$ cat coords32.cif   # mmCIF, C-alpha atoms
data_structure
loop_
_atom_site.label_atom_id
_atom_site.label_comp_id
_atom_site.auth_asym_id
_atom_site.auth_seq_id
_atom_site.Cartn_x
_atom_site.Cartn_y
_atom_site.Cartn_z
CA MET A 25 -10.71 -26.23 40.69
CA ALA A 26 -7.83 -23.88 39.86
CA ASN A 27 -8.28 -21.33 37.12
CA ALA A 28 -5.51 -22.97 35.09
CA ASP A 29 -7.37 -26.27 35.16
CA LEU A 30 -10.59 -24.61 34.07
CA ILE A 31 -8.82 -22.91 31.17
CA ARG A 32 -7.25 -26.24 30.17
CA ASP A 33 -10.71 -27.81 30.22
CA LEU A 34 -11.91 -25.22 27.70
CA GLY A 35 -9.95 -27.24 25.14
CA ILE A 36 -11.59 -30.56 26.04
CA PRO A 37 -14.84 -31.19 24.12
CA ASP A 38 -16.68 -32.93 26.95
CA LEU A 39 -15.64 -30.37 29.57
CA HIS A 40 -15.51 -27.01 27.83
CA GLU A 41 -19.10 -25.94 28.52
CA ALA A 42 -18.86 -26.57 32.29
CA ALA A 43 -15.43 -24.92 32.38
CA ALA A 44 -16.75 -21.87 30.56
CA ASP A 45 -19.64 -21.51 33.01
CA ALA A 46 -17.26 -21.78 35.96
CA LEU A 47 -14.89 -19.16 34.54
CA VAL A 48 -17.74 -16.76 33.85
CA ALA A 49 -18.87 -17.19 37.44
CA LEU A 50 -15.43 -16.01 38.59
CA GLY A 51 -16.05 -12.70 36.87
CA ALA A 52 -13.21 -10.20 36.96
CA GLY A 53 -11.20 -12.57 39.16
CA GLY A 54 -10.60 -14.92 36.22
CA VAL A 55 -9.83 -12.33 33.58
CA GLU A 56 -6.08 -12.03 34.07
CA ARG A 57 -5.44 -15.76 33.59
CA LEU A 58 -7.79 -15.89 30.61
CA VAL A 59 -5.97 -13.02 28.93
CA ARG A 60 -2.60 -14.66 29.58
CA ALA A 61 -3.97 -17.84 28.01
CA ALA A 62 -5.17 -15.87 25.02
CA MET A 63 -1.63 -14.49 24.62
CA ASP A 64 0.11 -17.85 25.19
CA GLU A 65 1.72 -18.97 21.92
CA GLU A 66 1.94 -22.56 23.21
CA SER A 67 -1.67 -22.79 24.37
CA ARG A 68 -3.74 -25.68 23.01
CA VAL A 69 -7.00 -23.91 23.74
CA ASP A 70 -8.82 -22.39 20.78
CA PRO A 71 -8.67 -18.57 21.22
CA ARG A 72 -12.30 -18.40 20.14
CA ARG A 73 -13.36 -20.26 23.29
CA ILE A 74 -11.33 -17.93 25.48
CA ALA A 75 -12.85 -14.95 23.68
CA ALA A 76 -16.36 -16.34 24.20
CA VAL A 77 -15.79 -16.56 27.98
CA LEU A 78 -14.38 -13.03 28.17
CA VAL A 79 -17.36 -11.71 26.19
CA ARG A 80 -19.70 -13.29 28.73
CA ILE A 81 -17.75 -11.69 31.58
CA GLY A 82 -18.37 -8.28 30.01
CA ASP A 83 -16.56 -4.99 30.61
CA ALA A 84 -13.85 -6.55 32.79
CA GLY A 85 -13.10 -9.01 30.00
CA PHE A 86 -12.86 -6.20 27.44
CA ASP A 87 -10.54 -4.16 29.66
CA GLY A 88 -8.34 -7.19 30.30
CA LEU A 89 -7.95 -7.84 26.59
CA LEU A 90 -7.22 -4.17 25.96
CA ASP A 91 -4.39 -4.34 28.53
CA GLY A 92 -3.17 -7.56 26.91
CA LEU A 93 -3.20 -6.00 23.47
CA VAL A 94 -1.05 -3.15 24.78
CA SER A 95 1.46 -5.43 26.54
CA ALA A 96 1.73 -8.29 24.03
CA SER A 97 5.36 -8.57 22.92
CA THR A 98 5.27 -10.85 19.86
CA ASP A 99 3.36 -10.79 16.60
CA ARG A 100 1.64 -14.07 17.36
CA SER A 101 0.55 -13.11 20.86
CA ARG A 102 -0.75 -9.78 19.54
CA LYS A 103 -2.67 -11.63 16.84
CA GLN A 104 -4.22 -14.03 19.32
CA VAL A 105 -5.27 -11.43 21.87
CA GLY A 106 -6.37 -9.13 19.05
CA PHE A 107 -8.68 -11.82 17.73
CA ALA A 108 -10.38 -12.10 21.11
CA PHE A 109 -10.54 -8.32 21.55
CA SER A 110 -12.24 -7.77 18.18
CA HIS A 111 -14.93 -10.40 18.67
CA PHE A 112 -16.98 -8.91 21.49
CA GLY A 113 -19.72 -7.92 19.07
CA ALA A 114 -22.30 -5.16 19.27
CA VAL A 115 -22.39 -5.15 23.08
CA ALA A 116 -18.95 -3.52 23.02
CA LEU A 117 -19.64 -1.02 20.23
CA ASP A 118 -19.28 2.02 22.46
CA ARG A 119 -16.04 0.65 23.92
CA TYR A 120 -14.68 0.09 20.41
CA ILE A 121 -15.54 3.67 19.44
CA THR A 122 -13.58 4.94 22.45
CA ALA A 123 -10.62 2.67 21.57
CA LEU A 124 -10.42 4.24 18.09
CA SER A 125 -8.54 7.15 19.67
CA HIS A 126 -6.01 4.96 21.53
CA PRO A 127 -2.38 6.06 21.04
CA LEU A 128 -1.23 2.59 19.92
CA PRO A 129 -1.96 1.81 16.23
CA ARG A 130 -2.58 -1.89 16.90
CA VAL A 131 -5.32 -1.03 19.39
CA ARG A 132 -6.96 1.32 16.90
CA ARG A 133 -6.70 -1.34 14.20
CA GLU A 134 -8.31 -4.05 16.34
CA ALA A 135 -11.02 -1.62 17.46
CA VAL A 136 -11.86 -1.02 13.80
CA ARG A 137 -12.05 -4.78 13.28
CA GLY A 138 -14.33 -5.00 16.28
CA ILE A 139 -16.69 -2.47 14.70
CA GLN A 140 -16.58 -4.46 11.46
CA HIS A 141 -17.74 -7.54 13.33
CA CYS A 142 -20.69 -5.61 14.73
CA GLY A 143 -22.30 -5.51 11.27
CA GLU A 144 -24.11 -2.37 10.16
CA VAL A 145 -23.61 0.34 12.76
CA GLY A 146 -25.16 3.73 13.32
CA ARG A 147 -23.96 7.23 12.53
CA PRO A 148 -21.84 7.69 15.71
CA ALA A 149 -19.65 4.70 14.85
CA VAL A 150 -19.33 5.74 11.21
CA ALA A 151 -18.46 9.30 12.23
CA ALA A 152 -15.78 7.89 14.55
CA LEU A 153 -14.30 5.79 11.73
CA LEU A 154 -14.01 8.66 9.25
CA PRO A 155 -10.99 10.36 10.89
CA LEU A 156 -9.07 7.09 10.69
CA LEU A 157 -9.13 7.32 6.90
CA GLY A 158 -6.31 9.82 7.46
CA ASP A 159 -4.58 7.87 10.23
CA PRO A 160 -0.77 8.19 10.10
CA ASP A 161 -0.53 4.40 10.38
CA GLN A 162 -1.39 3.04 6.93
CA GLU A 163 -2.64 -0.30 8.26
CA VAL A 164 -5.13 1.49 10.48
CA ALA A 165 -6.22 3.74 7.61
CA ARG A 166 -6.69 0.73 5.31
CA GLN A 167 -8.69 -1.10 7.99
CA ALA A 168 -10.96 1.92 8.43
CA GLN A 169 -11.41 2.11 4.67
CA ASP A 170 -12.44 -1.56 4.53
CA ALA A 171 -14.77 -1.15 7.50
CA LEU A 172 -16.58 1.74 5.83
CA ILE A 173 -16.94 -0.21 2.57
CA LEU A 174 -18.62 -3.01 4.51
CA GLN A 175 -21.10 -0.55 5.98
CA GLY A 176 -22.71 -0.16 2.57
CA PRO A 177 -24.37 2.73 0.72
CA HIS A 178 -25.75 4.50 3.79
CA VAL A 179 -22.29 6.03 4.42
CA ILE A 180 -22.07 7.60 0.95
CA PRO A 181 -23.36 11.09 1.95
CA LEU A 182 -20.79 11.36 4.75
CA LEU A 183 -17.99 10.41 2.38
CA GLN A 184 -19.19 12.85 -0.25
CA HIS A 185 -19.03 15.56 2.42
CA VAL A 186 -15.42 14.59 3.16
CA ARG A 187 -14.56 14.80 -0.54
CA GLU A 188 -16.13 18.25 -0.79
CA ARG A 189 -14.91 19.83 2.45
CA GLY A 190 -12.15 17.66 3.91
CA PRO A 191 -10.23 17.26 6.12
CA GLY A 192 -7.63 16.79 3.40
CA ARG A 193 -5.92 13.78 4.99
CA GLN A 194 -9.18 11.79 4.74
CA ARG A 195 -10.05 12.69 1.16
CA ALA A 196 -7.97 10.12 -0.76
CA ARG A 197 -9.38 7.07 1.01
CA ALA A 198 -12.86 8.60 1.04
CA LEU A 199 -12.67 8.58 -2.76
CA THR A 200 -11.70 4.88 -2.74
CA VAL A 201 -14.65 4.00 -0.50
CA LEU A 202 -17.05 5.97 -2.69
CA ALA A 203 -15.77 4.19 -5.80
CA GLU A 204 -16.24 0.79 -4.15
CA LEU A 205 -19.73 1.57 -2.91
CA GLY A 206 -21.26 3.39 -5.85
CA GLY A 207 -18.78 3.83 -8.66
CA GLU A 208 -18.80 6.86 -10.90
CA PRO A 209 -22.49 7.77 -10.31
CA VAL A 210 -21.74 8.79 -6.70
CA LEU A 211 -18.63 10.80 -7.54
CA SER A 212 -18.72 14.54 -8.08
CA ARG A 213 -17.97 16.00 -11.49
CA ALA A 214 -14.77 17.42 -10.02
CA ASP A 215 -13.67 13.98 -8.86
CA VAL A 216 -14.42 12.38 -12.23
CA PHE A 217 -12.45 15.14 -13.96
CA THR A 218 -9.53 14.63 -11.56
CA ILE A 219 -9.44 10.88 -12.18
CA GLU A 220 -9.58 11.35 -15.95
CA ARG A 221 -6.79 13.92 -15.77
CA LEU A 222 -4.65 11.53 -13.70
CA ILE A 223 -5.18 8.80 -16.29
CA ARG A 224 -4.09 11.16 -19.06
CA ILE A 225 -0.94 12.01 -17.13
CA LYS A 226 -0.15 8.34 -16.43
CA LEU A 227 -0.67 7.46 -20.09
CA LEU A 228 2.23 9.70 -21.09
CA GLU A 229 4.68 7.18 -19.65
CA ASP A 230 2.53 4.05 -19.71
CA ARG A 231 4.20 0.84 -20.88
CA PRO A 232 2.61 -2.52 -21.73
CA GLU A 233 1.97 -4.93 -18.87
CA PRO A 234 1.01 -8.61 -19.18
CA LEU A 235 -2.52 -9.80 -18.55
CA TRP A 236 -2.57 -12.03 -15.53
CA THR A 237 -5.74 -12.90 -13.66
CA CYS A 238 -7.14 -16.10 -12.20
CA TRP A 239 -9.34 -16.57 -15.27
CA ASN A 240 -7.88 -15.16 -18.48
CA HIS A 241 -10.10 -14.66 -21.53
CA TRP A 242 -9.09 -12.83 -24.68
CA MET A 243 -9.54 -12.37 -28.39
CA ALA A 244 -6.59 -11.68 -30.69
CA VAL A 245 -6.86 -9.90 -34.04
CA PRO A 246 -3.92 -9.01 -36.30
CA GLY A 247 -3.17 -5.35 -36.92
CA GLY A 248 -4.06 -2.22 -35.02
CA ASP A 249 -7.56 -1.31 -36.16
CA GLN A 250 -8.86 -0.79 -32.64
CA ALA A 251 -11.86 1.28 -33.75
CA GLY A 252 -12.84 -1.18 -36.48
CA ILE A 253 -12.60 -4.14 -34.12
CA MET A 254 -14.80 -2.31 -31.63
CA ARG A 255 -17.43 -1.61 -34.29
CA ALA A 256 -17.41 -5.24 -35.41
CA LEU A 257 -17.89 -6.41 -31.82
CA ASP A 258 -20.58 -3.82 -30.95
CA LEU A 259 -18.39 -2.31 -28.23
CA THR A 260 -19.21 1.23 -27.19
CA ASP A 261 -18.24 4.13 -24.91
CA PRO A 262 -14.45 3.67 -25.11
CA ARG A 263 -12.47 5.36 -22.35
CA PRO A 264 -8.67 5.58 -22.33
CA VAL A 265 -6.94 3.55 -19.62
CA THR A 266 -3.45 2.57 -18.57
CA PHE A 267 -2.45 -1.08 -18.77
CA ALA A 268 -2.62 -1.34 -14.98
CA LEU A 269 -6.16 0.06 -14.96
CA GLY A 270 -7.36 -2.05 -17.88
CA ASN A 271 -5.99 -5.24 -16.36
CA ASP A 272 -7.34 -4.40 -12.90
CA ILE A 273 -10.85 -3.85 -14.29
CA VAL A 274 -10.70 -7.16 -16.17
CA ASP A 275 -9.48 -8.94 -13.03
CA SER A 276 -12.08 -7.32 -10.78
CA ASP A 277 -14.95 -8.02 -13.17
CA GLY A 278 -13.84 -11.64 -13.50
CA HIS A 279 -13.85 -12.17 -9.74
CA GLY A 280 -17.23 -10.45 -9.36
CA CYS A 281 -19.01 -12.31 -12.14
CA ASP A 282 -22.18 -14.36 -11.75
CA THR A 283 -23.66 -12.18 -9.01
CA ASP A 284 -27.30 -11.20 -8.92
CA GLU A 285 -26.49 -7.86 -10.57
CA HIS A 286 -23.50 -8.55 -12.83
CA THR A 287 -22.18 -11.36 -15.00
CA GLY A 288 -18.62 -10.15 -15.52
CA HIS A 289 -19.42 -9.65 -19.23
CA GLU A 290 -20.12 -5.93 -19.06
CA ARG A 291 -16.71 -4.54 -20.05
CA VAL A 292 -13.58 -5.41 -22.00
CA PHE A 293 -10.11 -3.92 -22.26
CA ILE A 294 -9.02 -3.34 -25.85
CA THR A 295 -5.26 -2.94 -26.03
CA PRO A 296 -3.34 -0.71 -28.39
CA GLU A 297 -1.54 -2.52 -31.19
CA LEU A 298 1.09 -4.77 -29.59
CA ASP A 299 3.71 -6.38 -31.82
CA GLY A 300 1.23 -6.30 -34.68
CA TRP A 301 -1.80 -7.60 -32.72
CA THR A 302 -4.78 -6.08 -30.93
CA PHE A 303 -6.15 -7.95 -27.92
CA VAL A 304 -9.65 -7.75 -26.45
CA LEU A 305 -9.50 -8.86 -22.81
CA GLY A 306 -12.33 -9.89 -20.52
CA ALA A 307 -14.77 -12.66 -19.66
CA TRP A 308 -17.05 -11.55 -22.51
CA CYS A 309 -14.44 -13.15 -24.84
CA ASP A 310 -14.88 -16.63 -23.31
CA PRO A 311 -14.81 -19.22 -26.15
CA CYS A 312 -15.98 -22.16 -24.01
CA GLY A 313 -18.55 -20.95 -21.46
CA LYS A 314 -22.16 -21.90 -22.06
CA GLU A 315 -23.38 -18.32 -22.14
CA ARG A 316 -20.75 -16.89 -24.50
CA SER A 317 -19.33 -19.69 -26.66
CA ALA A 318 -21.79 -19.42 -29.57
CA ASP A 319 -21.54 -15.63 -29.83
CA VAL A 320 -17.74 -15.65 -29.53
CA LEU A 321 -17.58 -18.22 -32.32
CA ARG A 322 -19.76 -16.07 -34.57
CA ARG A 323 -17.83 -12.91 -33.84
CA CYS A 324 -14.44 -14.53 -34.44
CA VAL A 325 -15.65 -15.85 -37.80
CA GLU A 326 -16.81 -12.35 -38.75
CA LEU A 327 -13.57 -10.74 -37.59
CA SER A 328 -11.50 -13.29 -39.52
CA ALA A 329 -13.43 -12.52 -42.69
CA ARG A 330 -12.35 -8.88 -42.33
CA TYR A 331 -8.85 -9.21 -40.87
CA GLY A 332 -7.78 -12.63 -42.12
CA GLN A 333 -7.54 -14.16 -38.65
CA ALA A 334 -9.24 -14.01 -35.28
CA GLN A 335 -8.67 -16.11 -32.18
CA ALA A 336 -10.24 -16.48 -28.76
CA TYR A 337 -8.76 -18.12 -25.68
CA TYR A 338 -9.44 -19.13 -22.12
CA TYR A 339 -6.66 -19.94 -19.68
CA GLY A 340 -7.23 -20.66 -16.00
CA GLY A 341 -4.15 -19.40 -14.21
CA GLN A 342 -4.80 -21.65 -11.20
CA GLY A 343 -4.95 -24.90 -13.16
CA ASP A 344 -8.54 -24.37 -14.28
CA GLY A 345 -8.06 -25.41 -17.89
CA SER A 346 -7.62 -24.05 -21.39
CA ALA A 347 -9.63 -23.41 -24.53
CA TRP A 348 -8.80 -22.03 -27.96
CA LEU A 349 -10.77 -20.96 -30.97
CA VAL A 350 -9.10 -20.16 -34.29
CA ALA A 351 -10.88 -18.69 -37.32
CA GLU A 352 -9.36 -17.75 -40.67
CA HIS A 353 -10.89 -16.01 -43.67
CA GLY A 354 -14.45 -16.41 -42.48
CA ARG A 355 -14.37 -20.04 -41.31
CA VAL A 356 -13.58 -21.95 -38.14
CA VAL A 357 -10.26 -23.76 -38.28
CA ARG A 358 -10.27 -25.19 -34.75
CA ARG A 359 -12.03 -25.04 -31.41
CA TYR A 360 -10.90 -27.17 -28.49
CA CYS A 361 -11.56 -27.07 -24.76
CA GLU A 362 -10.11 -28.84 -21.71
CA THR A 363 -11.52 -27.46 -18.46
CA GLY A 364 -12.64 -30.66 -16.75
CA GLU A 365 -16.28 -29.93 -17.48
CA GLY A 366 -18.37 -32.89 -18.62
CA GLU A 367 -19.35 -31.39 -21.97
CA ASP A 368 -15.94 -30.08 -23.12
CA GLU A 369 -15.84 -32.52 -26.01
CA LEU A 370 -19.06 -31.14 -27.48
CA LEU A 371 -17.25 -27.89 -28.28
CA THR A 372 -14.56 -29.53 -30.42
CA LEU A 373 -14.48 -28.33 -34.02
CA GLY A 374 -11.95 -28.79 -36.82
CA ASP A 375 -8.68 -30.68 -36.98
CA PRO A 376 -5.91 -30.47 -34.38
CA LEU A 377 -3.49 -27.61 -34.85
CA PRO A 378 0.19 -28.27 -35.59
CA CYS A 379 1.12 -27.17 -32.06
CA GLU A 380 -1.35 -29.68 -30.60
CA ARG A 381 0.18 -32.49 -32.63
CA ALA A 382 3.68 -31.38 -31.67
CA ARG A 383 2.77 -31.41 -27.99
CA ARG A 384 1.38 -34.95 -28.25
CA GLU A 385 4.58 -36.10 -29.90
CA GLU A 386 6.60 -34.50 -27.09
CA LEU A 387 4.53 -36.55 -24.65
CA GLY A 388 5.14 -39.71 -26.64
CA LEU A 389 1.47 -40.00 -27.58
CA ARG A 390 0.01 -40.99 -30.92
CA PRO A 391 -0.85 -37.90 -32.99
CA ASP A 392 -3.91 -39.70 -34.41
CA TRP A 393 -6.81 -38.64 -32.18
CA ASP A 394 -9.08 -41.55 -33.09
CA ALA A 395 -6.39 -44.05 -32.25
CA ALA A 396 -5.61 -42.22 -29.04
CA LEU A 397 -9.22 -42.53 -27.91
CA GLU A 398 -8.73 -46.30 -27.84
CA ASN A 399 -6.02 -45.85 -25.18
CA GLN A 400 -7.50 -44.22 -22.09
CA ASP A 401 -4.11 -43.68 -20.45
CA ASP A 402 -2.95 -41.70 -23.49
CA GLU A 403 -6.12 -39.65 -23.50
CA ASP A 404 -5.86 -38.85 -19.78
CA GLU A 405 -2.25 -37.73 -20.20
CA TRP A 406 -3.24 -35.51 -23.12
CA ARG A 407 -6.07 -33.92 -21.17
CA TRP A 408 -3.74 -33.03 -18.32
CA ALA A 409 -1.28 -31.49 -20.77
CA ALA A 410 -4.00 -29.63 -22.70
CA HIS A 411 -5.24 -28.11 -19.44
CA ASP A 412 -2.34 -25.64 -19.59
CA LEU A 413 -1.83 -25.40 -23.35
CA ALA A 414 -3.70 -22.20 -24.30
CA PRO A 415 -0.69 -19.85 -23.86
CA ASP A 416 1.46 -22.13 -26.05
CA VAL A 417 -1.23 -22.29 -28.72
CA ALA A 418 -1.47 -18.49 -28.72
CA ARG A 419 2.31 -18.08 -29.01
CA SER A 420 2.47 -20.55 -31.89
CA LEU A 421 -0.17 -18.60 -33.82
CA GLY A 422 1.10 -15.09 -33.22
CA ALA A 423 1.16 -13.60 -29.72
CA SER A 424 -0.22 -13.93 -26.21
CA PRO A 425 -1.24 -11.09 -23.86
CA LEU A 426 0.30 -13.16 -21.07
CA ASP A 427 3.73 -12.45 -22.62
CA ILE A 428 3.41 -8.67 -22.93
CA SER A 429 6.24 -6.72 -21.31
CA ALA A 430 7.44 -3.14 -21.11
CA ASP A 431 9.62 -3.90 -24.15
CA THR A 432 6.67 -4.95 -26.35
CA ALA A 433 6.25 -2.64 -29.32
CA SER A 434 3.11 -0.59 -28.73
CA ARG A 435 1.16 1.84 -30.90
CA GLY A 436 -1.90 3.70 -29.66
CA THR A 437 -3.79 3.78 -26.35
CA GLY A 438 -5.78 1.06 -24.65
CA VAL A 439 -9.45 1.61 -23.81
CA ILE A 440 -12.13 0.11 -21.63
CA ALA A 441 -15.40 -0.29 -23.54
CA LEU A 442 -18.91 -1.45 -22.80
CA THR A 443 -20.22 -4.69 -24.26
CA PRO A 444 -23.91 -5.05 -25.11
CA TYR A 445 -24.28 -6.53 -21.61
CA GLY A 446 -22.78 -3.40 -20.08
CA VAL A 447 -25.07 -1.12 -22.08
CA ALA A 448 -28.09 -3.10 -20.88
CA HIS A 449 -27.16 -3.65 -17.24
CA GLY A 450 -24.50 -1.11 -16.25
CA VAL A 451 -21.15 -1.92 -14.67
CA PRO A 452 -20.16 -2.95 -11.14
CA ALA A 453 -18.84 -0.37 -8.70
CA ALA A 454 -15.24 -0.76 -7.58
CA ALA A 455 -11.97 1.09 -7.01
CA TYR A 456 -9.09 0.27 -9.35
CA ARG A 457 -5.37 0.83 -9.79
CA ILE A 458 -4.50 3.53 -12.31
#
$ encode --input "coords32.cif" --output "structure tokens"
Amino acid sequence: MANADLIRDLGIPDLHEAAADALVALGAGGVERLVRAAMDEESRVDPRRIAAVLVRIGDAGFDGLLDGLVSASTDRSRKQVGFAFSHFGAVALDRYITALSHPLPRVRREAVRGIQHCGEVGRPAVAALLPLLGDPDQEVARQAQDALILQGPHVIPLLQHVRERGPGRQRARALTVLAELGGEPVLSRADVFTIERLIRIKLLEDRPEPLWTCWNHWMAVPGGDQAGIMRALDLTDPRPVTFALGNDIVDSDGHGCDTDEHTGHERVFITPELDGWTFVLGAWCDPCGKERSADVLRRCVELSARYGQAQAYYYGGQGDGSAWLVAEHGRVVRRYCETGEGEDELLTLGDPLPCERARREELGLRPDWDAALENQDDEDEWRWAAHDLAPDVARSLGASPLDISADTASRGTGVIALTPYGVAHGVPAAAYRI
């Protein structure tokens, strides 16, 4: 059977195993056609099956893919042959290390990916990756950075050495990797001082930026008593941050929540006074989650007794629902939740707000909730609308952090602070935008 027929049979479920065995038996003689098939943009054969055959062939398969990666002329063909090249696994580790010094950036980049797919590697591979942190090609440098992060804490001493002694071109990304792997505890005092100094410099020209994450949680309190709000909420260890940094920490913590080590409730970003309001941002402010809803209710009531009003919101930016909690002068005015969870209705407190009634009227629905419950179609339409209503509720009652812009009047400096969770459990390690 011709090589072309065997390669075609790789894409046929009942024939692919026999075809693979036959192609492996051809050894180096079948490599050229396999590589061309891997590069073929019109091929119907899964590149993973071609890669699996070339891996079984061994060194000749690796060399063929390396030649293909060099000669590929389109983005798609480079992507396809690169996929095969980077999936040889640990058997090709030494070959990948050698390819890290190839003159073509795309070869270096795919060699780094190949090392990533080998899992945890030894000191020689890590030592070979370190120079690529300073690679003139930024995609290669970023890939090396990501590969070192995946290696885990065992690379920390090598990165600390780079930070202390260079080379200089590797130092910036070495700092990023250290921050991702261990956070502030693994940074030198000099590095911490440098980061804090950079934040102070950035704050001189910092302008408000809107909160926007996949899962947005916040409290809103009138006025600008940032310190008093922090005391009332038992928030501690405030550290000045830019808006970009505060929002990035909130976003990162939200995506990393519910792990074995961290809940996402360890930190919050307290804004400066913005158009007469102070916002506390972070998953710890969740008014509808099982773990936080009771405490957030209590704290909003206490804040409202002191400041006249306090609100808490949840808004899922990817269509994941809304919730709002409004307290005034020491009592709950309203709590409502629409997230699609089975027990949303158990959180409902108080009478509908004017903006809720107005929205129902816009939809042509009865404003009387009891009557609406008798009409399931009305209720379903309301629930869909309420899913995205939190930002509108916030605007109707004062302000929303989703609407902040560079033109928003600002007084003071934002801070990141620890919640009681953060004091008890520490904070996750990560690198952030400043």
$ atom_distance --input "coords32.cif" --atom1 "CA of Leu58 in chain A" --atom2 "CA of Val131 in chain A"
18.8 Å
$ closest_residue --input "coords32.cif" --among "A:Glu188, A:Asp427, A:Glu362, A:Asp412" --to "Pro232 in chain A" --atoms "all atoms listed in the file"
A:Asp427
$ closest_residue --input "coords32.cif" --among "A:Arg323, A:Arg263, A:Arg383, A:His411" --to "Thr363 in chain A" --atoms "all atoms listed in the file"
A:His411
$ atom_distance --input "coords32.cif" --atom1 "CA of Val356 in chain A" --atom2 "CA of Leu373 in chain A"
7.6 Å
$ closest_residue --input "coords32.cif" --among "A:Ala123, A:Leu39, A:Arg32, A:Gly82" --to "Gly51 in chain A" --atoms "only C-alpha atoms"
A:Gly82
$ atom_distance --input "coords32.cif" --atom1 "CA of Glu290 in chain A" --atom2 "CA of Glu144 in chain A"
29.7 Å
$ resolve_selection --input "coords32.cif" --expression "the PyMOL selection byres ((chain A and resi 417-419) around 12)" --output "VMD selection string"
chain A and resid 241 to 245 301 303 334 to 339 346 to 350 358 to 360 376 to 383 410 to 416 420 to 428
$ resolve_selection --input "coords32.cif" --expression "the PyMOL selection byres ((chain A and resi 239) around 12)" --output "MDAnalysis selection string"
chainID A and resid 235:238 240:242 271 274:281 288 305:310 313 337:347 363 426
$ resolve_selection --input "coords32.cif" --expression "the PyMOL selection byres ((chain A and resi 113) around 12)" --output "JSON list (two decimals) with C-alpha atoms, keeping the file's coordinate frame"
[["chain", "number", "residue", "atom", "x", "y", "z"],
["A", 75, "ALA", "CA", -12.85, -14.95, 23.68],
["A", 76, "ALA", "CA", -16.36, -16.34, 24.20],
["A", 78, "LEU", "CA", -14.38, -13.03, 28.17],
["A", 79, "VAL", "CA", -17.36, -11.71, 26.19],
["A", 80, "ARG", "CA", -19.70, -13.29, 28.73],
["A", 82, "GLY", "CA", -18.37, -8.28, 30.01],
["A", 86, "PHE", "CA", -12.86, -6.20, 27.44],
["A", 107, "PHE", "CA", -8.68, -11.82, 17.73],
["A", 108, "ALA", "CA", -10.38, -12.10, 21.11],
["A", 109, "PHE", "CA", -10.54, -8.32, 21.55],
["A", 110, "SER", "CA", -12.24, -7.77, 18.18],
["A", 111, "HIS", "CA", -14.93, -10.40, 18.67],
["A", 112, "PHE", "CA", -16.98, -8.91, 21.49],
["A", 114, "ALA", "CA", -22.30, -5.16, 19.27],
["A", 115, "VAL", "CA", -22.39, -5.15, 23.08],
["A", 116, "ALA", "CA", -18.95, -3.52, 23.02],
["A", 117, "LEU", "CA", -19.64, -1.02, 20.23],
["A", 118, "ASP", "CA", -19.28, 2.02, 22.46],
["A", 119, "ARG", "CA", -16.04, 0.65, 23.92],
["A", 120, "TYR", "CA", -14.68, 0.09, 20.41],
["A", 135, "ALA", "CA", -11.02, -1.62, 17.46],
["A", 136, "VAL", "CA", -11.86, -1.02, 13.80],
["A", 137, "ARG", "CA", -12.05, -4.78, 13.28],
["A", 138, "GLY", "CA", -14.33, -5.00, 16.28],
["A", 139, "ILE", "CA", -16.69, -2.47, 14.70],
["A", 140, "GLN", "CA", -16.58, -4.46, 11.46],
["A", 141, "HIS", "CA", -17.74, -7.54, 13.33],
["A", 142, "CYS", "CA", -20.69, -5.61, 14.73],
["A", 143, "GLY", "CA", -22.30, -5.51, 11.27],
["A", 144, "GLU", "CA", -24.11, -2.37, 10.16],
["A", 145, "VAL", "CA", -23.61, 0.34, 12.76]]
$ closest_atom_pairs --input "coords32.cif" --of "range 225-270 of chain A" --to "range 442-445 of chain A" --cutoff "9 Å" --atoms "all atoms listed in the file" --output "CSV"
residue,atom,partner,partner_atom,distance
A:Leu257,CA,A:Thr443,CA,8.1
A:Asp258,CA,A:Thr443,CA,6.8
A:Leu259,CA,A:Thr443,CA,5.0
A:Thr260,CA,A:Leu442,CA,5.2
A:Asp261,CA,A:Leu442,CA,6.0
A:Pro262,CA,A:Leu442,CA,7.2
$ closest_residue --input "coords32.cif" --among "A:Asp431, A:Met63, A:Gly388, A:Gly206" --to "Ser95 in chain A" --atoms "only C-alpha atoms"
A:Met63
$ closest_residue --input "coords32.cif" --among "A:Val357, A:Ile294, A:Cys312, A:Val447" --to "Ser328 in chain A" --atoms "only C-alpha atoms"
A:Val357
$ closest_residue --input "coords32.cif" --among "A:Arg330, A:Arg187, A:Arg457, A:Arg100" --to "Ile223 in chain A" --atoms "all atoms listed in the file"
A:Arg457
$ residues_around --input "coords32.cif" --residues "Val59 in chain A" --least-positions-apart "2" --cutoff "7 Å" --atoms "all atoms listed in the file" --output "list in words"
Val55, Glu56, Arg57, Ala61, Ala62, Met63, Gly88, Leu89 and Gly92 of chain A
$ closest_atom_pairs --input "coords32.cif" --of "range 65-139 of chain A" --to "range 161-165 of chain A" --cutoff "7 Å" --atoms "all atoms listed in the file" --output "Markdown table"
| residue | atom | partner | partner_atom | distance |
| --- | --- | --- | --- | --- |
| A:Pro129 | CA | A:Asp161 | CA | 6.6 |
| A:Arg132 | CA | A:Val164 | CA | 6.7 |
| A:Arg133 | CA | A:Val164 | CA | 4.9 |
$ residues_near_point --input "coords32.cif" --point "(-2.4, -4.7, -15.3)" --cutoff "7 Å" --atoms "all atoms listed in the file" --output "JSON, numbers by chain"
{"A": [233, 234, 235, 267, 268, 269, 270, 271, 272]}
$ write_last_selection --input "coords32.cif" --atoms "C-alpha atoms" --output "short mmCIF file (atom, residue, chain, number, x, y, z; two decimals), keeping the file's coordinate frame"
data_model
loop_
_atom_site.label_atom_id
_atom_site.label_comp_id
_atom_site.auth_asym_id
_atom_site.auth_seq_id
_atom_site.Cartn_x
_atom_site.Cartn_y
_atom_site.Cartn_z
CA GLU A 233 1.97 -4.93 -18.87
CA PRO A 234 1.01 -8.61 -19.18
CA LEU A 235 -2.52 -9.80 -18.55
CA PHE A 267 -2.45 -1.08 -18.77
CA ALA A 268 -2.62 -1.34 -14.98
CA LEU A 269 -6.16 0.06 -14.96
CA GLY A 270 -7.36 -2.05 -17.88
CA ASN A 271 -5.99 -5.24 -16.36
CA ASP A 272 -7.34 -4.40 -12.90
#
